[in-house]
Structures are given as structure tokens and as C-alpha cells.
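*Asks:* So here's my_file17.txt, just compact mmCIF, C-alpha atoms:
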```
# COMPACT_ATOMS: atom_id res chain seq x y z
CA MET A 1 10.53 -8.01 -37.73
CA ILE A 2 7.64 -5.54 -37.77
CA ARG A 3 7.05 -1.98 -36.63
CA VAL A 4 4.29 -0.85 -34.31
CA GLY A 5 3.50 2.84 -34.65
CA ARG A 6 1.35 5.40 -32.86
CA ASN A 7 1.80 8.48 -35.03
CA TRP A 8 -1.96 8.78 -35.66
CA VAL A 9 -2.87 9.43 -32.03
CA GLY A 10 -1.44 12.95 -31.89
CA PRO A 11 -4.40 14.92 -33.32
CA ILE A 12 -6.93 12.89 -31.29
CA ARG A 13 -4.92 13.33 -28.10
CA ILE A 14 -4.82 17.11 -28.65
CA ALA A 15 -8.56 17.28 -29.34
CA LEU A 16 -9.53 15.36 -26.22
CA THR A 17 -7.11 17.33 -24.09
CA LEU A 18 -8.69 20.59 -25.26
CA PHE A 19 -12.06 19.33 -24.03
CA GLY A 20 -10.60 18.38 -20.66
CA PHE A 21 -10.47 14.60 -21.08
CA PRO A 22 -7.35 12.78 -19.86
CA PHE A 23 -7.74 10.08 -22.53
CA CYS A 24 -7.01 9.36 -26.16
CA LEU A 25 -8.09 6.36 -28.19
CA CYS A 26 -7.36 2.87 -26.92
CA THR A 27 -8.08 -0.69 -28.09
CA SER A 28 -11.29 -0.82 -26.09
CA GLY A 29 -12.41 2.55 -27.48
CA ILE A 30 -10.35 4.84 -25.23
CA ARG A 31 -6.68 4.91 -24.57
CA PRO A 32 -5.21 7.02 -21.79
CA LEU A 33 -2.25 9.30 -22.25
CA THR A 34 1.22 7.93 -21.55
CA SER A 35 1.10 6.61 -18.04
CA PHE A 36 4.39 7.99 -16.73
CA SER A 37 4.31 11.16 -18.82
CA SER A 38 5.62 13.50 -16.11
CA TYR A 39 8.03 11.03 -14.57
CA GLN A 40 11.75 11.37 -14.94
CA PHE A 41 13.50 8.11 -15.66
CA SER A 42 17.04 7.31 -14.64
CA ALA A 43 18.50 3.82 -14.54
CA ARG A 44 21.69 3.31 -12.62
CA VAL A 45 23.87 0.22 -12.79
CA SER A 46 25.92 -0.88 -9.84
CA LYS A 47 27.62 -4.05 -8.69
CA SER A 48 26.00 -7.16 -10.12
CA HIS A 49 24.83 -9.92 -7.85
CA SER A 50 23.47 -13.38 -8.50
CA THR A 51 19.90 -14.31 -7.62
CA SER A 52 19.39 -18.01 -8.03
CA GLY A 53 21.14 -18.23 -11.38
CA CYS A 54 19.88 -14.85 -12.57
CA SER A 55 22.40 -12.06 -12.36
CA LEU A 56 20.80 -8.64 -11.93
CA CYS A 57 22.35 -5.19 -11.88
CA VAL A 58 21.05 -3.64 -8.67
CA LEU A 59 19.82 -0.07 -9.04
CA PRO A 60 19.46 1.41 -5.54
CA PRO A 61 17.58 3.17 -4.11
CA SER A 62 15.05 3.14 -6.92
CA VAL A 63 15.30 2.46 -10.61
CA PHE A 64 13.20 5.43 -11.63
CA THR A 65 13.14 8.88 -10.14
CA MET A 66 9.40 9.51 -10.23
CA SER A 67 7.29 12.56 -9.71
CA CYS A 68 4.04 11.37 -8.18
CA SER A 69 2.29 14.61 -9.22
CA ALA A 70 0.84 12.70 -12.19
CA PRO A 71 -1.95 10.36 -11.04
CA HIS A 72 -2.44 6.99 -12.67
CA ILE A 73 -4.47 7.21 -15.86
CA LYS A 74 -4.94 3.75 -17.33
CA ALA A 75 -6.22 2.58 -13.95
CA ARG A 76 -9.11 5.03 -14.45
CA CYS A 77 -10.03 3.94 -18.00
CA PRO A 78 -13.85 4.48 -17.99
CA LYS A 79 -14.82 0.97 -19.12
CA TYR A 80 -13.20 -1.86 -17.18
CA PRO A 81 -11.47 -4.30 -19.60
CA GLY A 82 -13.27 -7.52 -20.45
CA SER A 83 -16.60 -6.27 -19.13
CA GLU A 84 -19.40 -3.76 -19.57
CA THR A 85 -18.69 -2.26 -16.14
CA GLN A 86 -18.19 1.51 -16.08
CA ARG A 87 -15.97 3.01 -13.40
CA PHE A 88 -17.13 5.84 -11.18
CA PRO A 89 -15.44 8.90 -12.80
CA VAL A 90 -12.43 10.12 -10.80
CA PRO A 91 -10.99 13.52 -11.79
CA ASP A 92 -7.26 14.15 -11.37
CA ASP A 93 -7.71 16.28 -8.26
CA LYS A 94 -9.66 13.53 -6.46
CA VAL A 95 -7.30 10.59 -7.05
CA ASP A 96 -5.30 11.07 -3.83
CA TRP A 97 -6.79 9.23 -0.84
CA ASN A 98 -5.86 12.20 1.35
CA THR A 99 -8.28 14.40 -0.57
CA ASP A 100 -11.64 14.41 1.21
CA TRP A 101 -14.39 13.30 -1.18
CA PRO A 102 -17.57 12.12 0.58
CA GLN A 103 -19.36 11.87 -2.79
CA TYR A 104 -17.07 9.05 -3.96
CA ARG A 105 -19.18 6.01 -4.92
CA PRO A 106 -16.92 3.45 -6.61
CA VAL A 107 -18.48 0.57 -8.52
CA SER A 108 -17.82 -2.93 -7.15
CA TYR A 109 -16.71 -5.52 -9.69
CA THR A 110 -14.90 -8.84 -9.63
CA ALA A 111 -14.73 -10.80 -12.87
CA PRO A 112 -16.54 -14.17 -13.12
CA SER A 113 -13.20 -15.82 -13.93
CA VAL A 114 -11.98 -14.75 -10.48
CA LEU A 115 -15.20 -15.54 -8.60
CA ILE A 116 -15.03 -19.23 -9.59
CA LYS A 117 -12.00 -19.44 -7.24
CA PRO A 118 -9.15 -20.58 -9.53
CA VAL A 119 -5.96 -21.66 -7.79
CA TRP A 120 -4.23 -18.35 -8.64
CA ALA A 121 -6.87 -16.22 -6.92
CA ASP A 122 -7.63 -15.29 -3.31
CA GLN A 123 -10.86 -16.11 -1.57
CA ASP A 124 -13.52 -13.51 -0.92
CA ILE A 125 -12.12 -10.97 1.53
CA ARG A 126 -14.91 -11.78 4.02
CA SER A 127 -13.95 -15.44 4.23
CA PHE A 128 -10.30 -15.13 5.30
CA SER A 129 -7.87 -12.71 6.92
CA PRO A 130 -4.91 -11.97 4.63
CA ARG A 131 -1.75 -10.47 6.16
CA PHE A 132 -1.26 -7.30 4.15
CA ASN A 133 2.15 -5.60 3.86
CA ALA A 134 3.76 -8.94 4.74
CA LEU A 135 4.76 -12.32 3.36
CA ASP A 136 1.46 -14.17 3.86
CA GLY A 137 2.46 -17.83 3.74
CA ASN A 138 3.89 -18.17 0.22
CA VAL A 139 1.91 -15.19 -1.13
CA ASP A 140 3.89 -11.96 -1.09
CA ARG A 141 1.51 -9.14 -0.16
CA ARG A 142 4.30 -6.60 0.22
CA SER A 143 4.44 -3.72 -2.25
CA HIS A 144 7.51 -2.46 -4.09
CA GLU A 145 6.11 0.99 -3.27
CA GLY A 146 6.39 0.49 0.50
CA ASP A 147 3.57 -0.03 2.99
CA TYR A 148 0.09 0.70 1.66
CA ARG A 149 -2.98 1.69 3.64
CA VAL A 150 -5.49 -0.87 4.88
CA GLU A 151 -8.92 0.43 5.90
CA GLN A 152 -11.76 -1.73 7.24
CA GLY A 153 -9.74 -4.79 6.29
CA MET A 154 -9.34 -3.68 2.66
CA PRO A 155 -6.01 -2.72 1.04
CA LEU A 156 -5.98 0.64 -0.75
CA ASN A 157 -4.24 1.26 -4.07
CA PRO A 158 -1.04 3.20 -3.24
CA ARG A 159 -1.57 5.52 -6.21
CA GLY A 160 -5.11 6.49 -5.24
CA ARG A 161 -8.71 6.10 -6.33
CA THR A 162 -9.69 4.28 -9.52
CA GLY A 163 -13.50 4.39 -9.48
CA LEU A 164 -13.81 0.65 -8.91
CA THR A 165 -13.52 -1.71 -5.92
CA GLY A 166 -13.16 -5.48 -5.67
CA ARG A 167 -10.55 -7.33 -7.69
CA GLY A 168 -11.70 -6.99 -11.29
CA LEU A 169 -9.58 -9.40 -13.34
CA LEU A 170 -6.82 -9.64 -10.73
CA GLY A 171 -6.50 -12.60 -8.41
CA ARG A 172 -4.91 -11.09 -5.31
CA TRP A 173 -6.15 -8.51 -2.87
CA GLY A 174 -3.45 -5.85 -2.73
CA PRO A 175 -0.39 -6.09 -5.01
CA ASN A 176 -0.38 -8.62 -7.84
CA HIS A 177 3.27 -9.25 -8.71
CA ALA A 178 4.49 -9.75 -12.27
CA ALA A 179 7.85 -9.99 -14.02
CA ASP A 180 8.69 -8.59 -17.46
CA PRO A 181 11.79 -9.94 -19.26
CA ILE A 182 13.00 -7.48 -21.90
CA VAL A 183 15.16 -9.53 -24.28
CA THR A 184 17.14 -7.44 -26.76
CA ARG A 185 19.71 -7.80 -29.54
CA TRP A 186 21.39 -5.46 -32.02
CA LYS A 187 19.73 -5.15 -35.39
CA ARG A 188 22.12 -6.50 -38.05
CA ASP A 189 22.25 -6.48 -41.85
CA SER A 190 22.76 -9.51 -44.11
CA ALA A 191 26.53 -9.24 -43.55
CA GLY A 192 26.11 -9.39 -39.78
CA GLN A 193 27.01 -5.73 -39.21
CA GLN A 194 25.11 -3.56 -36.74
CA VAL A 195 22.50 -1.31 -38.33
CA SER A 196 22.44 2.37 -37.29
CA HIS A 197 19.43 4.65 -37.52
CA PRO A 198 19.73 7.09 -40.45
CA VAL A 199 18.79 10.11 -38.33
CA SER A 200 20.23 9.51 -34.85
CA LYS A 201 23.21 7.55 -36.22
CA LEU A 202 22.90 5.32 -33.13
CA PRO A 203 22.74 1.51 -33.36
CA VAL A 204 19.22 0.06 -33.45
CA LEU A 205 18.11 -2.35 -30.74
CA GLN A 206 15.45 -4.98 -31.28
CA PHE A 207 13.35 -6.61 -28.57
CA VAL A 208 11.10 -9.65 -28.44
CA SER A 209 7.45 -8.56 -28.38
CA ILE A 210 4.23 -10.55 -28.21
CA LYS A 211 0.76 -9.54 -29.32
CA ARG A 212 -1.56 -10.16 -26.38
CA ARG A 213 -4.64 -12.24 -27.09
CA ASP A 214 -6.73 -10.48 -24.45
CA CYS A 215 -6.48 -6.93 -25.82
CA GLY A 216 -4.60 -7.15 -29.12
CA GLU A 217 -1.79 -4.83 -27.96
CA TRP A 218 1.92 -5.52 -28.39
CA ALA A 219 3.78 -6.09 -25.15
CA ILE A 220 6.83 -7.45 -23.39
CA PRO A 221 6.27 -11.22 -22.82
CA GLY A 222 5.82 -11.09 -19.05
CA GLY A 223 3.59 -12.86 -16.57
CA MET A 224 2.60 -13.33 -12.97
CA VAL A 225 4.99 -14.45 -10.25
CA ASP A 226 3.74 -17.75 -8.82
CA PRO A 227 3.41 -18.04 -5.02
CA GLY A 228 6.82 -18.76 -3.54
CA GLU A 229 8.57 -18.33 -6.91
CA LEU A 230 11.72 -16.24 -7.26
CA VAL A 231 11.35 -13.37 -9.71
CA SER A 232 14.48 -14.56 -11.52
CA LEU A 233 12.76 -17.86 -12.32
CA THR A 234 9.54 -16.11 -13.37
CA LEU A 235 11.47 -14.01 -15.90
CA GLN A 236 13.02 -17.09 -17.50
CA ARG A 237 9.82 -19.18 -17.39
CA GLU A 238 7.58 -16.50 -18.90
CA PHE A 239 9.93 -15.76 -21.77
CA SER A 240 10.31 -19.46 -22.57
CA GLU A 241 6.55 -20.07 -22.53
CA GLU A 242 5.31 -16.90 -24.22
CA ALA A 243 7.98 -16.18 -26.84
CA LEU A 244 9.35 -19.65 -27.58
CA ASN A 245 6.31 -21.81 -26.75
CA SER A 246 8.52 -24.18 -24.81
CA LEU A 247 5.50 -26.04 -23.38
CA ALA A 248 4.62 -27.35 -26.85
CA ALA A 249 8.21 -28.16 -27.87
CA SER A 250 9.57 -31.68 -28.20
CA PRO A 251 11.84 -32.91 -25.39
CA GLN A 252 14.89 -32.38 -27.61
CA ASP A 253 13.88 -28.85 -28.60
CA ARG A 254 12.90 -28.04 -25.04
CA GLU A 255 16.38 -29.00 -23.86
CA ARG A 256 17.96 -26.77 -26.53
CA ILE A 257 15.69 -23.87 -25.57
CA HIS A 258 16.48 -24.32 -21.90
CA GLU A 259 20.22 -24.30 -22.59
CA ARG A 260 20.11 -21.07 -24.62
CA ILE A 261 17.68 -19.33 -22.25
CA THR A 262 19.72 -20.28 -19.19
CA GLN A 263 22.86 -18.95 -20.88
CA LEU A 264 21.23 -15.59 -21.54
CA PHE A 265 19.43 -15.25 -18.21
CA ASN A 266 22.62 -16.09 -16.31
CA SER A 267 24.25 -13.04 -17.90
CA PRO A 268 24.16 -9.69 -16.07
CA GLY A 269 20.68 -8.21 -16.42
CA LEU A 270 19.70 -4.56 -16.20
CA GLU A 271 16.83 -4.06 -13.74
CA VAL A 272 14.89 -1.37 -15.57
CA TYR A 273 11.90 -0.88 -13.29
CA LYS A 274 10.46 -2.15 -10.03
CA GLY A 275 7.13 -0.86 -8.76
CA TYR A 276 3.52 0.02 -9.48
CA VAL A 277 2.19 -0.36 -13.02
CA ASP A 278 -0.55 1.92 -14.37
CA ASP A 279 -2.65 -0.95 -15.69
CA PRO A 280 -6.31 -0.87 -16.85
CA ARG A 281 -7.02 -3.92 -14.65
CA ASN A 282 -6.15 -2.03 -11.47
CA ASN A 283 -8.77 -0.96 -8.96
CA ASP A 284 -8.99 0.43 -5.44
CA ASN A 285 -8.19 -2.90 -3.75
CA SER A 286 -6.06 -4.81 -6.27
CA TRP A 287 -3.28 -3.53 -8.50
CA MET A 288 -0.38 -4.62 -10.69
CA GLU A 289 3.29 -4.29 -9.79
CA THR A 290 6.24 -5.58 -11.77
CA VAL A 291 9.97 -6.05 -12.00
CA ALA A 292 11.24 -5.39 -15.53
CA VAL A 293 14.72 -6.70 -16.38
CA ASN A 294 16.66 -6.35 -19.64
CA PHE A 295 18.69 -9.34 -20.86
CA HIS A 296 20.81 -8.44 -23.88
CA ASP A 297 22.13 -10.88 -26.50
CA ASP A 298 25.09 -8.72 -27.48
CA THR A 299 26.69 -11.09 -30.00
CA GLY A 300 23.45 -12.43 -31.45
CA ASN A 301 24.44 -16.07 -30.98
CA SER A 302 22.22 -16.90 -28.01
CA VAL A 303 18.43 -16.44 -28.03
CA SER A 304 18.65 -14.66 -31.38
CA GLU A 305 19.25 -18.01 -33.07
CA LEU A 306 16.12 -19.61 -31.61
CA PRO A 307 12.93 -19.51 -33.71
CA LEU A 308 10.25 -17.36 -32.04
CA GLN A 309 6.90 -19.08 -31.55
CA ALA A 310 3.92 -17.60 -29.70
CA GLY A 311 2.68 -19.37 -26.58
CA ASP A 312 -0.92 -19.76 -25.36
CA ASP A 313 -1.33 -16.17 -24.17
CA ALA A 314 0.27 -14.61 -27.24
CA GLY A 315 -1.24 -14.22 -30.69
CA GLN A 316 2.04 -13.36 -32.42
CA VAL A 317 5.68 -12.88 -31.49
CA HIS A 318 8.33 -10.85 -33.35
CA TRP A 319 11.61 -9.00 -33.01
CA ILE A 320 10.66 -5.28 -33.11
CA ASP A 321 12.91 -2.22 -33.50
CA LEU A 322 13.10 0.03 -30.43
CA ASP A 323 11.81 3.46 -31.38
CA SER A 324 10.02 6.36 -29.67
CA GLY A 325 7.04 5.82 -31.98
CA LEU A 326 6.16 2.46 -30.40
CA SER A 327 2.67 2.01 -29.01
CA LEU A 328 2.69 -0.79 -26.43
CA TYR A 329 0.65 -2.25 -23.58
CA ALA A 330 0.60 -0.58 -20.14
CA SER A 331 3.94 1.12 -19.30
CA HIS A 332 6.13 -1.00 -21.56
CA SER A 333 7.21 1.85 -23.85
CA GLN A 334 8.73 3.66 -20.87
CA PHE A 335 10.68 0.56 -19.88
CA LEU A 336 12.10 0.28 -23.39
CA GLU A 337 13.10 3.94 -23.47
CA VAL A 338 15.30 3.35 -20.42
CA VAL A 339 16.83 0.26 -22.05
CA ALA A 340 17.65 2.19 -25.24
CA LYS A 341 19.30 5.03 -23.34
CA GLU A 342 21.28 2.71 -21.09
CA ARG A 343 22.51 0.73 -24.11
CA HIS A 344 23.30 3.97 -25.99
CA ALA A 345 20.95 2.88 -28.73
CA HIS A 346 18.51 4.71 -30.97
CA TRP A 347 15.23 5.86 -29.44
```
Translate this file's structure into C-alpha cells.

*Replies:*
Amino acid sequence: MIRVGRNWVGPIRIALTLFGFPFCLCTSGIRPLTSFSSYQFSARVSKSHSTSGCSLCVLPPSVFTMSCSAPHIKARCPKYPGSETQRFPVPDDKVDWNTDWPQYRPVSYTAPSVLIKPVWADQDIRSFSPRFNALDGNVDRRSHEGDYRVEQGMPLNPRGRTGLTGRGLLGRWGPNHAADPIVTRWKRDSAGQQVSHPVSKLPVLQFVSIKRRDCGEWAIPGGMVDPGELVSLTLQREFSEEALNSLAASPQDRERIHERITQLFNSPGLEVYKGYVDDPRNNDNSWMETVAVNFHDDTGNSVSELPLQAGDDAGQVHWIDLDSGLSLYASHSQFLEVVAKERHAHW
């Protein structure tokens, strides 16, 4: 188990804020302020229902109560990840599409890895006619945020301008759907007793975290929802591949992993978040959305007993203590805060 801290960012964040910049340091040189900083989070658990072997606690009408007064920030990170492309600068008061801004000149960029037309990516927008805000064949182009605007055949980011058009590193025009399984357990001492935090006196939760190869940040081991795939299956598949490296396991070990994972993912899960993600890969025409679900190994005799092993997209994988000092990829810290509060654990 390791700790990932962010205590050093405070002075830098204050300095940049004083000069009017909405950013602090990030792995690529700049890191935006907490993406949902002015949002109010509230998770509500209601009657559980089964979704193809994955039991989720439904949280109607929305998992988070959000104030949209705070525009996305990571989606405006000046330098687009994985490239030398600089976004057209978008100040906070010009993010909203309803704000007239004739001087807006976004930069167009689609990554070479997308332009070579891999199976997970759409064609060029001029070569086909996608059905936006609908189930387009087996590709779901509906947004968790509701209907989004389409102008001149191009979908518009529901959270506003980003300074960049095209698809960037994302494969789909419009929403790109992901699923983030948050697997937790109670931290225990050598005698098997729950460990409480010395200050809050609340029990400490641990979650499985991977270190992403693409940016070096720690994150929840999630991934993209395949066309036609149920989110419940994506959650189970991504955790197995990224945190347990099931693809490289022997047939015998793979069967054991499948048995333990199925046991955990068939338990009631807490749907923590469902919606838009403030992600540095987002742009005006393509953006990330996710469903984040917490699966808790309460007794510690399920997934906790399996050895963690990083998959292809992960550099490392560890059990990490939940704590407010965590510095994680995208909006993952906010997801974990909700988990900690719902489980009455330390944060």
C-alpha cells in the first residue's frame, strides 16, 4: 500500500490564482484546479436492482447535485495531452456556448492514432452521418447529461468551449462512454482488525488504484465501454484486465480470478457518479462521460485475497488509503470522497 499526496500544490495554486490563472501544476507542466470544486456532492442509495449480473444501487434523479456555475477546467488545459498542440485560450466567462464570442478561433486537432481509423474510432465526420443523441447502431451517442447541441452536423460539448475542435485522442464524435469500478476494502492490521484514522477516529478505506502509463497519474482502473456492451460488464472486465492482469493469467488462475470478481461484482454496488468528466482529452466535439460504481469487499475475503498485477495500460497497481490529500487523475478524487462519506469512513 502506498500514499499519493498533493500537499505541495497549495502555495503554487495560490500564486497562480493571484495572477488570474485557473491552473496549478500538472504532470504535463500545468494542472488545473479541482474540476468539481464548486459542486455539491450527494449520493443517495435506493432499492437495488440487477443489471445483467451486476447489482447497482440506483440513485435517482442524479447522483450528484451539481452547480454548473463552475466551467470545466481540465478540458481547457493549454497544451493538449500527447501533443504539442496549444488550445485557443478560453476564459471562464466565454465557456458557455450561449455567450456570443465572434472572436473564438478554436484549434483543430485529431491525434494520428485516431486518424489511422482503428476499430474503436469513428470515421471522419464528412464521410458518414452519425445519429447524435440516439443509439446509433451499437454505438451509444446519447449523453448522461441529456440532449446536447448539434450545429452544422457537429456535436457540441455540453459543458461549453474548450479551445479545440476535432476529436483529439478520443475515438467518438460526441460522448465517449467509460466505466470506472471503485473497488474498496477496510484497512486492517496484522490481527485482522479494522484500522481507524488517528485524527478522525473513523475506519480507513482502501481502494485499488493504477498508475496510468500515458500520463503517470494514479487513477481508478476504468476503461471505455465497447459498442453494444453493458456498463456492468465493462466494470468487471476493466478491473480484471487493469488491476489483476487477467489477460496474461494462466487458465487456472483466470478461472479463480473470474470466480472472485464475479462474486464481488454481483454484490450491491453504489453508483457514485454518472455524467460528464472534466478530462484533458475533451474538446468541442468529443468528450468523456463515465459511470463510476463502488464495489466493497466488506469482509476482505473476496478480491482482497487476489494478488494485484498491473495490466497493459497500467504501470503499477496498489491498494491506497482513501484520504482528502489524494492527487488523482481527472475527477477521481471527487468520486472517492463520495464513497468515503457513504461508507462512513475517514476522508

*Asks:* Which residues are close to segment 231-242 of chain A, i.e. within 10 Å by all atoms listed in the file, leaving aside same-chain residues fewer than 6 positions away? Reply as a ChimeraX atom specification.

*Replies:* /A:50-56,177-183,208-210,212,220-225,248-249,254,257-258,261-262,264-266,290-295,308-317

*Asks:* Using Å and a single decimal, report how far atom CA of Ala330 of chain A sits from atom CA of Leu202 of chain A.

*Replies:*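 Spanning atom CA of Leu202 of chain A to atom CA of Ala330 of chain A is a straight-line distance of 26.5 Å.
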
*Asks:* For the atom pair atom CA of Ala75 of chain A and atom CA of Lys341 of chain A, what is the interatomic distance in Å to one decimal place?

*Replies:*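 Rounded to one decimal, the two atoms are 27.3 Å apart.
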
*Asks:* By how many Å are atom CA of Trp347 of chain A and atom CA of Lys201 of chain A apart?

*Replies:* 10.6 Å

*Asks:* Residues near segment 149-163 of chain A, anyone? I mean within 10 Å using all atoms listed in the file, not counting same-chain ones fewer than 3 positions away, as a PDB file with C-alpha atoms, in the frame of the given file.

*Replies:*
```pdb
ATOM      1  CA  CYS A  68       4.040  11.370  -8.180  1.00  0.00           C
ATOM      2  CA  ALA A  70       0.840  12.700 -12.190  1.00  0.00           C
ATOM      3  CA  PRO A  71      -1.950  10.360 -11.040  1.00  0.00           C
ATOM      4  CA  HIS A  72      -2.440   6.990 -12.670  1.00  0.00           C
ATOM      5  CA  ILE A  73      -4.470   7.210 -15.860  1.00  0.00           C
ATOM      6  CA  LYS A  74      -4.940   3.750 -17.330  1.00  0.00           C
ATOM      7  CA  ALA A  75      -6.220   2.580 -13.950  1.00  0.00           C
ATOM      8  CA  ARG A  76      -9.110   5.030 -14.450  1.00  0.00           C
ATOM      9  CA  CYS A  77     -10.030   3.940 -18.000  1.00  0.00           C
ATOM     10  CA  PRO A  78     -13.850   4.480 -17.990  1.00  0.00           C
ATOM     11  CA  TYR A  80     -13.200  -1.860 -17.180  1.00  0.00           C
ATOM     12  CA  GLN A  86     -18.190   1.510 -16.080  1.00  0.00           C
ATOM     13  CA  ARG A  87     -15.970   3.010 -13.400  1.00  0.00           C
ATOM     14  CA  PHE A  88     -17.130   5.840 -11.180  1.00  0.00           C
ATOM     15  CA  PRO A  89     -15.440   8.900 -12.800  1.00  0.00           C
ATOM     16  CA  VAL A  90     -12.430  10.120 -10.800  1.00  0.00           C
ATOM     17  CA  PRO A  91     -10.990  13.520 -11.790  1.00  0.00           C
ATOM     18  CA  ASP A  92      -7.260  14.150 -11.370  1.00  0.00           C
ATOM     19  CA  LYS A  94      -9.660  13.530  -6.460  1.00  0.00           C
ATOM     20  CA  VAL A  95      -7.300  10.590  -7.050  1.00  0.00           C
ATOM     21  CA  ASP A  96      -5.300  11.070  -3.830  1.00  0.00           C
ATOM     22  CA  TRP A  97      -6.790   9.230  -0.840  1.00  0.00           C
ATOM     23  CA  ASN A  98      -5.860  12.200   1.350  1.00  0.00           C
ATOM     24  CA  THR A  99      -8.280  14.400  -0.570  1.00  0.00           C
ATOM     25  CA  TYR A 104     -17.070   9.050  -3.960  1.00  0.00           C
ATOM     26  CA  ARG A 105     -19.180   6.010  -4.920  1.00  0.00           C
ATOM     27  CA  PRO A 106     -16.920   3.450  -6.610  1.00  0.00           C
ATOM     28  CA  VAL A 107     -18.480   0.570  -8.520  1.00  0.00           C
ATOM     29  CA  SER A 108     -17.820  -2.930  -7.150  1.00  0.00           C
ATOM     30  CA  ILE A 125     -12.120 -10.970   1.530  1.00  0.00           C
ATOM     31  CA  ARG A 126     -14.910 -11.780   4.020  1.00  0.00           C
ATOM     32  CA  SER A 129      -7.870 -12.710   6.920  1.00  0.00           C
ATOM     33  CA  PRO A 130      -4.910 -11.970   4.630  1.00  0.00           C
ATOM     34  CA  ARG A 131      -1.750 -10.470   6.160  1.00  0.00           C
ATOM     35  CA  PHE A 132      -1.260  -7.300   4.150  1.00  0.00           C
ATOM     36  CA  ASN A 133       2.150  -5.600   3.860  1.00  0.00           C
ATOM     37  CA  ARG A 141       1.510  -9.140  -0.160  1.00  0.00           C
ATOM     38  CA  SER A 143       4.440  -3.720  -2.250  1.00  0.00           C
ATOM     39  CA  GLU A 145       6.110   0.990  -3.270  1.00  0.00           C
ATOM     40  CA  GLY A 146       6.390   0.490   0.500  1.00  0.00           C
ATOM     41  CA  GLY A 166     -13.160  -5.480  -5.670  1.00  0.00           C
ATOM     42  CA  TRP A 173      -6.150  -8.510  -2.870  1.00  0.00           C
ATOM     43  CA  GLY A 174      -3.450  -5.850  -2.730  1.00  0.00           C
ATOM     44  CA  PRO A 175      -0.390  -6.090  -5.010  1.00  0.00           C
ATOM     45  CA  TYR A 276       3.520   0.020  -9.480  1.00  0.00           C
ATOM     46  CA  VAL A 277       2.190  -0.360 -13.020  1.00  0.00           C
ATOM     47  CA  ASP A 278      -0.550   1.920 -14.370  1.00  0.00           C
ATOM     48  CA  PRO A 280      -6.310  -0.870 -16.850  1.00  0.00           C
ATOM     49  CA  ASN A 282      -6.150  -2.030 -11.470  1.00  0.00           C
ATOM     50  CA  ASN A 283      -8.770  -0.960  -8.960  1.00  0.00           C
ATOM     51  CA  ASP A 284      -8.990   0.430  -5.440  1.00  0.00           C
ATOM     52  CA  ASN A 285      -8.190  -2.900  -3.750  1.00  0.00           C
ATOM     53  CA  SER A 286      -6.060  -4.810  -6.270  1.00  0.00           C
ATOM     54  CA  TRP A 287      -3.280  -3.530  -8.500  1.00  0.00           C
ATOM     55  CA  MET A 288      -0.380  -4.620 -10.690  1.00  0.00           C
TER      56      MET A 288
END
```

*Asks:* Quick one: everything within 7 Å of segment 119-122 of chain A, counting only C-alpha atoms, minus sequence neighbours fewer than 3 positions away in the same chain. Send it as a list of chain:residue names.

*Replies:* A:Val114, A:Gly171, A:Arg172, A:Trp173

*Asks:* Enumerate, as a list in words, the protein, DNA and RNA residues whose atoms approach (23.2, 0.9, -25.5) to within 12 Å, taking into account only C-alpha atoms and the coordinate frame of the file.

*Replies:*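 The requested residues, written out, are Thr184, Arg185, Trp186, Ser196, Leu202, Pro203, Val204, Leu205, Gln206, Leu270, Asn294, His296, Asp297, Asp298, Leu322, Leu336, Glu337, Val338, Val339, Ala340, Lys341, Glu342, Arg343, His344, Ala345, His346 and Trp347 of chain A.
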
*Asks:* So which one's closest to Gln194 of chain A, A:Trp218, A:Pro268, A:Gly300, A:His318? Using all atoms listed in the file, please.

*Replies:*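 The closest residue to Gln194 of chain A is A:Gly300.
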
*Asks:* Could you name the residues that touch Thr110 of chain A at 9 Å or less, counting only C-alpha atoms, but leaving out those on the same chain fewer than 6 positions away, as a short mmCIF file (atom, residue, chain, number, x, y, z; two decimals) with C-alpha atoms, in the frame of the given file?

*Replies:*
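The resulting file, result_13.cif, is shown below:
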```
data_model
loop_
_atom_site.label_atom_id
_atom_site.label_comp_id
_atom_site.auth_asym_id
_atom_site.auth_seq_id
_atom_site.Cartn_x
_atom_site.Cartn_y
_atom_site.Cartn_z
CA THR A 165 -13.52 -1.71 -5.92
CA GLY A 166 -13.16 -5.48 -5.67
CA ARG A 167 -10.55 -7.33 -7.69
CA GLY A 168 -11.70 -6.99 -11.29
CA LEU A 169 -9.58 -9.40 -13.34
CA LEU A 170 -6.82 -9.64 -10.73
#
```
